[in-house]
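Please read the structure below before turning to the comments.
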Amino acid sequence: MDQSDIVETAHALADAARGAILPWFRTKNLQAENKADISKPFDPVTRADRAAEKAMREVLALRRPDDAILGEEFGATGGRTGLTWVLDPIDGTRGFLTGTPTWGVLIAISDENGPFYGLIDQPYIGERFEGGWDGPRCQGLMGVNLSRPAATVRLVRPISSLPFLKLAVRPKAKPFARLLIVCNSHAMGWIAMPMRFSPQGKWIW
């Protein structure tokens with residue numbers, strides 16, 4: 001397996017998605033369709049989602065035509081190498097629609113054992129995160145950061161994310177429910193969002 005080619009391809013995919021998405025962000029003519037059945041929660045998709053996935057598929061057709069693809073918008077395409085690229089052109093389409101920077105491009109590649117490399121790109125804020133053979137890595141306006149987990153971690157002010165609160169009511173989710181109790185506050189959406197509330201029900205900005 002050519003690791004360098006996989007990494008270079010992933011970055012080429014992210015670059016292509018950026019170019020397709022940003023012209024649509026915070027534009028007045030951006031519209032959304034509902035992918036979900038009328039009985040299910042709203043699941044939006046925009047022209048930006050589809051344009052980004054098409055752009056990424058074009059990159060793969062040129063660079064790695066024999067790999068399989070599993071895309072959020074256009075489904076599965078078979079391959080012959082045993083490798084599958086998993087693409088979500090805009091994760092967080094609701095945020096994209098409302099103009100908040102809480103969305104990103106998700107790219108991963110997997111084999112018969114599961115995913116072994118992944119990349120998250122945030123086109124608007126210019127940050128890119130990846131994890132794989134060399135460990136976690138972030139690059140953006142502040143340069144490149146090679147992150148390493150600390151030997152011990154002490155949570156001083158733990159914060160949970162509201163979209164995951166629903167996990168607490170699922171079977172076998174008691175440990176998660178206990179974690180929510182000790183959290184100082186719960187964020188609305190991503191932790192980057194400024195609005196959150198405390199366990200006592202008070203809004204914090």
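By order of appearance in the structure tokens: chains A, B, ..., then residues from 1 within every chain, and ligands from 1 in the order shown.
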
Mind running segment 19-70 of chain A against segment 4-7 of chain A at 12 Å and telling me each contacting residue's nearest atom pair with the distance in Å (one decimal), counting only C-alpha atoms, chain and number ascending, as CSV?
```
residue,atom,partner,partner_atom,distance
A:Leu60,CA,A:Ile6,CA,10.5
A:Arg63,CA,A:Asp5,CA,8.8
A:Arg64,CA,A:Ile6,CA,9.0
A:Asp67,CA,A:Ile6,CA,10.9
```

Legend entry - 8 Å contact set for Arg80 of chain A, only C-alpha atoms, chain neighbours under 2 positions out, as a list in words: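 So the residues in contact are Asp66, Asp67, Ala68, Gly78, Gly82 and Leu83 of chain A.
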
Suppose we keep N, CA and C atoms; can you now write the selection as a PDB file, in the first residue's frame?
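This is the output file part_38.pdb:
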```
ATOM      1  N   ASP A  66      -9.507   2.437  -9.334  1.00  0.00           N
ATOM      2  CA  ASP A  66      -9.876   1.069  -8.967  1.00  0.00           C
ATOM      3  C   ASP A  66     -10.362   0.941  -7.524  1.00  0.00           C
ATOM      4  N   ASP A  67     -10.314   2.020  -6.765  1.00  0.00           N
ATOM      5  CA  ASP A  67     -10.829   1.982  -5.394  1.00  0.00           C
ATOM      6  C   ASP A  67     -12.342   2.152  -5.398  1.00  0.00           C
ATOM      7  N   ALA A  68     -12.993   1.567  -4.403  1.00  0.00           N
ATOM      8  CA  ALA A  68     -14.435   1.734  -4.244  1.00  0.00           C
ATOM      9  C   ALA A  68     -14.725   3.071  -3.557  1.00  0.00           C
ATOM     10  N   GLY A  78     -18.453   0.394  -6.854  1.00  0.00           N
ATOM     11  CA  GLY A  78     -17.568  -0.740  -6.600  1.00  0.00           C
ATOM     12  C   GLY A  78     -16.124  -0.491  -7.013  1.00  0.00           C
ATOM     13  N   GLY A  82      -9.959  -3.546  -2.858  1.00  0.00           N
ATOM     14  CA  GLY A  82     -10.271  -3.840  -1.469  1.00  0.00           C
ATOM     15  C   GLY A  82     -10.275  -2.608  -0.588  1.00  0.00           C
ATOM     16  N   LEU A  83     -10.065  -1.433  -1.187  1.00  0.00           N
ATOM     17  CA  LEU A  83     -10.070  -0.174  -0.449  1.00  0.00           C
ATOM     18  C   LEU A  83     -11.306   0.640  -0.815  1.00  0.00           C
TER      19      LEU A  83
END
```

Inset, instruction - Pick out the closest residue to Arg47 of chain A from this set: A:Arg128, A:His11, A:Leu97, A:Gln3. Count only C-alpha atoms. - result: A:Leu97

Near-Thr46 of chain A list (8 Å; only C-alpha atoms; drop same-chain fewer than 5 positions) as a PDB file with N, CA and C atoms, in the first residue's frame:
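And here is the file that came out, out-v7.pdb:
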```
ATOM      1  N   LEU A  30     -28.737  30.087  -1.989  1.00  0.00           N
ATOM      2  CA  LEU A  30     -28.560  28.707  -1.545  1.00  0.00           C
ATOM      3  C   LEU A  30     -29.889  28.146  -1.068  1.00  0.00           C
ATOM      4  N   GLN A  31     -30.269  27.011  -1.601  1.00  0.00           N
ATOM      5  CA  GLN A  31     -31.516  26.357  -1.217  1.00  0.00           C
ATOM      6  C   GLN A  31     -31.222  24.916  -0.809  1.00  0.00           C
ATOM      7  N   ALA A  32     -32.152  24.332  -0.053  1.00  0.00           N
ATOM      8  CA  ALA A  32     -31.982  22.967   0.431  1.00  0.00           C
ATOM      9  C   ALA A  32     -33.181  22.108   0.091  1.00  0.00           C
ATOM     10  N   GLU A  33     -32.918  20.858  -0.132  1.00  0.00           N
ATOM     11  CA  GLU A  33     -33.964  19.860  -0.312  1.00  0.00           C
ATOM     12  C   GLU A  33     -33.939  18.925   0.889  1.00  0.00           C
ATOM     13  N   THR A  93     -24.772  20.097   7.457  1.00  0.00           N
ATOM     14  CA  THR A  93     -25.438  20.910   6.434  1.00  0.00           C
ATOM     15  C   THR A  93     -26.359  21.954   7.057  1.00  0.00           C
TER      16      THR A  93
END
```

Inset, instruction - Counting only C-alpha atoms, figure out which residue out of A:Gly79, A:Met1, A:Ala17, A:Gly135 gets nearest to Ala48 of chain A. - result: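 For Ala48 of chain A, the nearest of the given residues is A:Ala17.
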
Legend entry - Ala20 of chain A environment, 9 Å, only C-alpha atoms, sequence neighbours closer than 4 positions dropped, as JSON, numbers by chain: {"A": [15, 16, 24, 48, 49, 51, 52, 53, 54, 55]}

Inset, instruction - Identify which of the residues A:Gly99, A:Pro44, A:Arg50, A:Thr84 lies closest to Glu112 of chain A, counting only C-alpha atoms when measuring atom-to-atom distances. - result: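 Closest to Glu112 of chain A of all the choices is A:Thr84.
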
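Shortest separation to Pro23 of chain A among A:Pro41, A:Val86, A:Pro123, A:Thr100 occurs at residue A:Pro123, atoms counted being only C-alpha atoms.
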
Inset, instruction - Tell me which protein, DNA and RNA residues are within 8 Å of Ala10 of chain A, counting only C-alpha atoms, leaving out same-chain ones fewer than 4 positions away, and put them as a VMD selection string. - result: chain A and resid 6 14 107 to 108 119

Inset, instruction - Write out as a ChimeraX atom specification all residues of segment 62-166 of chain A that DSSP puts in helix (DSSP H, G or I) for this structure's backbone. - result: /A:62-63,93-98,162-166

Write a file of the selected residues as a compact mmCIF listing (two decimals), in the first residue's frame, keeping all heavy atoms.
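The resulting part_14.txt:
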```txt
# COMPACT_ATOMS: atom_id res chain seq x y z
N LEU A 62 -9.44 9.96 -11.47
CA LEU A 62 -8.14 10.22 -12.08
C LEU A 62 -6.99 9.58 -11.31
O LEU A 62 -6.08 8.99 -11.92
CB LEU A 62 -7.90 11.73 -12.17
CG LEU A 62 -8.78 12.51 -13.14
CD1 LEU A 62 -8.53 14.01 -12.99
CD2 LEU A 62 -8.51 12.07 -14.57
N ARG A 63 -7.05 9.66 -9.99
CA ARG A 63 -5.91 9.22 -9.17
C ARG A 63 -5.98 7.76 -8.75
O ARG A 63 -4.97 7.07 -8.71
CB ARG A 63 -5.79 10.10 -7.92
CG ARG A 63 -5.44 11.56 -8.20
CD ARG A 63 -5.22 12.30 -6.88
NE ARG A 63 -4.09 11.71 -6.16
CZ ARG A 63 -2.92 12.30 -6.01
NH1 ARG A 63 -2.71 13.51 -6.51
NH2 ARG A 63 -1.95 11.71 -5.33
N THR A 93 -24.77 20.10 7.46
CA THR A 93 -25.44 20.91 6.43
C THR A 93 -26.36 21.95 7.06
O THR A 93 -26.53 23.04 6.50
CB THR A 93 -26.22 20.02 5.46
OG1 THR A 93 -25.33 19.06 4.88
CG2 THR A 93 -26.84 20.84 4.34
N ARG A 94 -26.94 21.64 8.19
CA ARG A 94 -27.81 22.65 8.85
C ARG A 94 -27.00 23.89 9.22
O ARG A 94 -27.45 25.02 9.03
CB ARG A 94 -28.47 22.04 10.09
CG ARG A 94 -29.50 20.96 9.78
CD ARG A 94 -30.08 20.40 11.08
NE ARG A 94 -31.06 19.36 10.84
CZ ARG A 94 -30.77 18.08 10.65
NH1 ARG A 94 -29.49 17.70 10.66
NH2 ARG A 94 -31.71 17.18 10.44
N GLY A 95 -25.80 23.68 9.76
CA GLY A 95 -24.95 24.81 10.07
C GLY A 95 -24.53 25.56 8.82
O GLY A 95 -24.47 26.79 8.81
N PHE A 96 -24.26 24.81 7.76
CA PHE A 96 -23.89 25.41 6.48
C PHE A 96 -25.02 26.32 5.99
O PHE A 96 -24.77 27.44 5.52
CB PHE A 96 -23.61 24.30 5.46
CG PHE A 96 -23.14 24.79 4.13
CD1 PHE A 96 -21.82 25.13 3.92
CD2 PHE A 96 -24.03 24.90 3.06
CE1 PHE A 96 -21.37 25.58 2.69
CE2 PHE A 96 -23.60 25.34 1.82
CZ PHE A 96 -22.26 25.67 1.63
N LEU A 97 -26.25 25.85 6.12
CA LEU A 97 -27.40 26.62 5.66
C LEU A 97 -27.60 27.90 6.47
O LEU A 97 -28.03 28.92 5.93
CB LEU A 97 -28.67 25.76 5.75
CG LEU A 97 -28.85 24.70 4.67
CD1 LEU A 97 -29.96 23.74 5.06
CD2 LEU A 97 -29.15 25.35 3.33
N THR A 98 -27.29 27.85 7.75
CA THR A 98 -27.52 29.02 8.61
C THR A 98 -26.32 29.96 8.64
O THR A 98 -26.36 30.99 9.32
CB THR A 98 -27.85 28.57 10.04
OG1 THR A 98 -26.79 27.75 10.55
CG2 THR A 98 -29.15 27.79 10.07
N LEU A 162 -24.88 18.91 22.86
CA LEU A 162 -26.30 18.57 22.90
C LEU A 162 -26.76 17.54 21.87
O LEU A 162 -27.62 16.74 22.17
CB LEU A 162 -27.14 19.85 22.75
CG LEU A 162 -27.34 20.65 24.04
CD1 LEU A 162 -28.15 21.89 23.74
CD2 LEU A 162 -28.05 19.82 25.09
N PRO A 163 -26.23 17.52 20.63
CA PRO A 163 -26.70 16.51 19.70
C PRO A 163 -26.51 15.09 20.19
O PRO A 163 -27.15 14.17 19.71
CB PRO A 163 -25.86 16.79 18.45
CG PRO A 163 -25.55 18.22 18.54
CD PRO A 163 -25.33 18.48 20.01
N PHE A 164 -25.60 14.89 21.18
CA PHE A 164 -25.34 13.55 21.66
C PHE A 164 -26.12 13.22 22.91
O PHE A 164 -26.00 12.13 23.45
CB PHE A 164 -23.84 13.37 21.92
CG PHE A 164 -23.02 13.60 20.69
CD1 PHE A 164 -22.28 14.76 20.53
CD2 PHE A 164 -23.00 12.67 19.66
CE1 PHE A 164 -21.53 14.98 19.38
CE2 PHE A 164 -22.26 12.88 18.51
CZ PHE A 164 -21.53 14.04 18.38
N LEU A 165 -26.93 14.15 23.39
CA LEU A 165 -27.72 13.87 24.58
C LEU A 165 -28.68 12.70 24.34
O LEU A 165 -28.99 11.95 25.25
CB LEU A 165 -28.52 15.11 25.00
CG LEU A 165 -27.71 16.30 25.51
CD1 LEU A 165 -28.65 17.44 25.87
CD2 LEU A 165 -26.88 15.93 26.72
N LYS A 166 -29.13 12.54 23.11
CA LYS A 166 -30.07 11.47 22.81
C LYS A 166 -29.45 10.09 23.03
O LYS A 166 -30.17 9.11 23.22
CB LYS A 166 -30.57 11.59 21.38
CG LYS A 166 -29.48 11.52 20.33
CD LYS A 166 -30.04 11.76 18.94
CE LYS A 166 -28.95 11.71 17.87
NZ LYS A 166 -29.48 12.00 16.53
```

Inset, instruction - May I have all residues of segment 10-163 of chain A that DSSP, computed from the backbone, assigns to strand (DSSP E or B), given as a ChimeraX atom specification? - result: /A:32-34,44-46,68-71,75-77,84-91,104-111,114-122,127-131,137-140,143-146,159-161

Output for the residues just chosen: N, CA and C atoms as a short mmCIF file (atom, residue, chain, number, x, y, z; two decimals), in the first residue's frame:
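Generated output (out00.cif):
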```cif
data_model
loop_
_atom_site.label_atom_id
_atom_site.label_comp_id
_atom_site.auth_asym_id
_atom_site.auth_seq_id
_atom_site.Cartn_x
_atom_site.Cartn_y
_atom_site.Cartn_z
N ALA A 32 -32.15 24.33 -0.05
CA ALA A 32 -31.98 22.97 0.43
C ALA A 32 -33.18 22.11 0.09
N GLU A 33 -32.92 20.86 -0.13
CA GLU A 33 -33.96 19.86 -0.31
C GLU A 33 -33.94 18.93 0.89
N ASN A 34 -35.05 18.26 1.13
CA ASN A 34 -35.15 17.31 2.23
C ASN A 34 -34.98 15.89 1.69
N PRO A 44 -31.31 17.84 5.35
CA PRO A 44 -31.10 18.72 4.20
C PRO A 44 -29.94 18.31 3.31
N VAL A 45 -30.06 18.64 2.03
CA VAL A 45 -28.97 18.51 1.08
C VAL A 45 -29.03 19.73 0.16
N THR A 46 -27.87 20.26 -0.22
CA THR A 46 -27.81 21.44 -1.06
C THR A 46 -27.01 21.14 -2.34
N ALA A 68 -12.99 1.57 -4.40
CA ALA A 68 -14.43 1.73 -4.24
C ALA A 68 -14.73 3.07 -3.56
N ILE A 69 -15.97 3.52 -3.69
CA ILE A 69 -16.40 4.79 -3.08
C ILE A 69 -17.74 4.58 -2.39
N LEU A 70 -17.87 5.13 -1.20
CA LEU A 70 -19.16 5.19 -0.51
C LEU A 70 -19.41 6.64 -0.17
N GLY A 71 -20.33 7.27 -0.90
CA GLY A 71 -20.58 8.69 -0.74
C GLY A 71 -21.92 8.98 -0.10
N GLY A 75 -24.09 7.49 -3.07
CA GLY A 75 -24.07 6.08 -2.77
C GLY A 75 -22.74 5.39 -3.04
N ALA A 76 -22.85 4.08 -3.35
CA ALA A 76 -21.67 3.23 -3.46
C ALA A 76 -21.28 2.98 -4.91
N THR A 77 -19.97 2.96 -5.14
CA THR A 77 -19.39 2.59 -6.43
C THR A 77 -18.35 1.50 -6.16
N THR A 84 -11.89 1.27 0.17
CA THR A 84 -13.10 2.07 -0.05
C THR A 84 -12.93 3.45 0.53
N TRP A 85 -13.16 4.47 -0.28
CA TRP A 85 -13.16 5.85 0.18
C TRP A 85 -14.56 6.21 0.66
N VAL A 86 -14.65 6.73 1.86
CA VAL A 86 -15.93 7.14 2.43
C VAL A 86 -15.97 8.67 2.45
N LEU A 87 -16.97 9.24 1.80
CA LEU A 87 -17.02 10.69 1.58
C LEU A 87 -18.31 11.29 2.13
N ASP A 88 -18.17 12.30 2.96
CA ASP A 88 -19.32 13.11 3.37
C ASP A 88 -18.96 14.55 3.00
N PRO A 89 -19.50 15.06 1.90
CA PRO A 89 -19.07 16.36 1.39
C PRO A 89 -19.29 17.52 2.34
N ILE A 90 -20.43 17.52 3.04
CA ILE A 90 -20.67 18.55 4.07
C ILE A 90 -21.30 17.85 5.27
N ASP A 91 -20.51 17.67 6.30
CA ASP A 91 -21.06 17.17 7.55
C ASP A 91 -21.45 18.38 8.38
N GLY A 104 -18.01 20.65 8.04
CA GLY A 104 -16.72 20.25 7.47
C GLY A 104 -16.87 19.14 6.46
N VAL A 105 -15.79 18.85 5.77
CA VAL A 105 -15.72 17.77 4.79
C VAL A 105 -15.07 16.56 5.46
N LEU A 106 -15.73 15.41 5.40
CA LEU A 106 -15.21 14.20 6.02
C LEU A 106 -14.74 13.22 4.94
N ILE A 107 -13.51 12.75 5.09
CA ILE A 107 -12.92 11.82 4.13
C ILE A 107 -12.23 10.71 4.90
N ALA A 108 -12.48 9.48 4.53
CA ALA A 108 -11.81 8.34 5.16
C ALA A 108 -11.58 7.26 4.12
N ILE A 109 -10.65 6.37 4.41
CA ILE A 109 -10.42 5.22 3.55
C ILE A 109 -10.34 3.99 4.44
N SER A 110 -10.94 2.90 4.00
CA SER A 110 -10.99 1.69 4.81
C SER A 110 -10.67 0.47 3.97
N ASP A 111 -10.28 -0.61 4.67
CA ASP A 111 -10.09 -1.90 4.03
C ASP A 111 -11.01 -2.90 4.72
N GLY A 114 -11.63 -2.17 8.40
CA GLY A 114 -12.19 -0.90 8.82
C GLY A 114 -11.34 0.28 8.40
N PRO A 115 -11.71 1.49 8.81
CA PRO A 115 -10.95 2.69 8.42
C PRO A 115 -9.57 2.73 9.05
N PHE A 116 -8.59 3.21 8.27
CA PHE A 116 -7.22 3.30 8.79
C PHE A 116 -6.61 4.69 8.57
N TYR A 117 -7.31 5.56 7.88
CA TYR A 117 -6.85 6.94 7.70
C TYR A 117 -8.07 7.82 7.50
N GLY A 118 -8.04 9.01 8.09
CA GLY A 118 -9.16 9.92 7.93
C GLY A 118 -8.72 11.36 7.93
N LEU A 119 -9.52 12.21 7.31
CA LEU A 119 -9.22 13.64 7.20
C LEU A 119 -10.51 14.43 7.37
N ILE A 120 -10.43 15.49 8.15
CA ILE A 120 -11.54 16.43 8.31
C ILE A 120 -11.05 17.80 7.84
N ASP A 121 -11.76 18.37 6.89
CA ASP A 121 -11.39 19.69 6.39
C ASP A 121 -12.49 20.68 6.71
N GLN A 122 -12.10 21.85 7.22
CA GLN A 122 -13.05 22.93 7.48
C GLN A 122 -12.70 24.08 6.53
N GLU A 127 -8.87 25.13 8.43
CA GLU A 127 -8.18 24.12 9.23
C GLU A 127 -8.43 22.73 8.68
N ARG A 128 -7.43 21.89 8.83
CA ARG A 128 -7.51 20.52 8.33
C ARG A 128 -6.91 19.56 9.36
N PHE A 129 -7.67 18.54 9.72
CA PHE A 129 -7.24 17.57 10.71
C PHE A 129 -7.14 16.20 10.04
N GLU A 130 -6.12 15.45 10.40
CA GLU A 130 -6.00 14.11 9.85
C GLU A 130 -5.43 13.16 10.88
N GLY A 131 -5.77 11.89 10.72
CA GLY A 131 -5.27 10.86 11.61
C GLY A 131 -4.99 9.60 10.81
N ARG A 137 -2.86 15.03 13.36
CA ARG A 137 -2.16 16.19 12.81
C ARG A 137 -3.16 17.25 12.43
N CYS A 138 -2.82 18.51 12.70
CA CYS A 138 -3.69 19.63 12.35
C CYS A 138 -2.87 20.69 11.64
N GLN A 139 -3.43 21.25 10.59
CA GLN A 139 -2.77 22.35 9.91
C GLN A 139 -3.79 23.43 9.59
N GLY A 140 -3.34 24.67 9.69
CA GLY A 140 -4.23 25.79 9.44
C GLY A 140 -3.48 27.10 9.51
N GLY A 143 -0.25 27.21 11.44
CA GLY A 143 0.80 26.27 11.07
C GLY A 143 0.37 24.84 11.24
N VAL A 144 1.35 23.96 11.49
CA VAL A 144 1.10 22.53 11.61
C VAL A 144 1.33 22.11 13.05
N ASN A 145 0.39 21.35 13.58
CA ASN A 145 0.50 20.86 14.95
C ASN A 145 0.40 19.35 14.95
N LEU A 146 1.43 18.68 15.42
CA LEU A 146 1.41 17.23 15.56
C LEU A 146 0.96 16.91 16.97
N ILE A 159 -17.44 19.62 29.18
CA ILE A 159 -18.60 20.15 28.46
C ILE A 159 -19.09 19.08 27.50
N SER A 160 -20.39 18.84 27.46
CA SER A 160 -20.94 17.87 26.51
C SER A 160 -21.58 18.62 25.35
N SER A 161 -21.88 17.89 24.26
CA SER A 161 -22.50 18.48 23.08
C SER A 161 -23.94 17.99 22.98
#
```
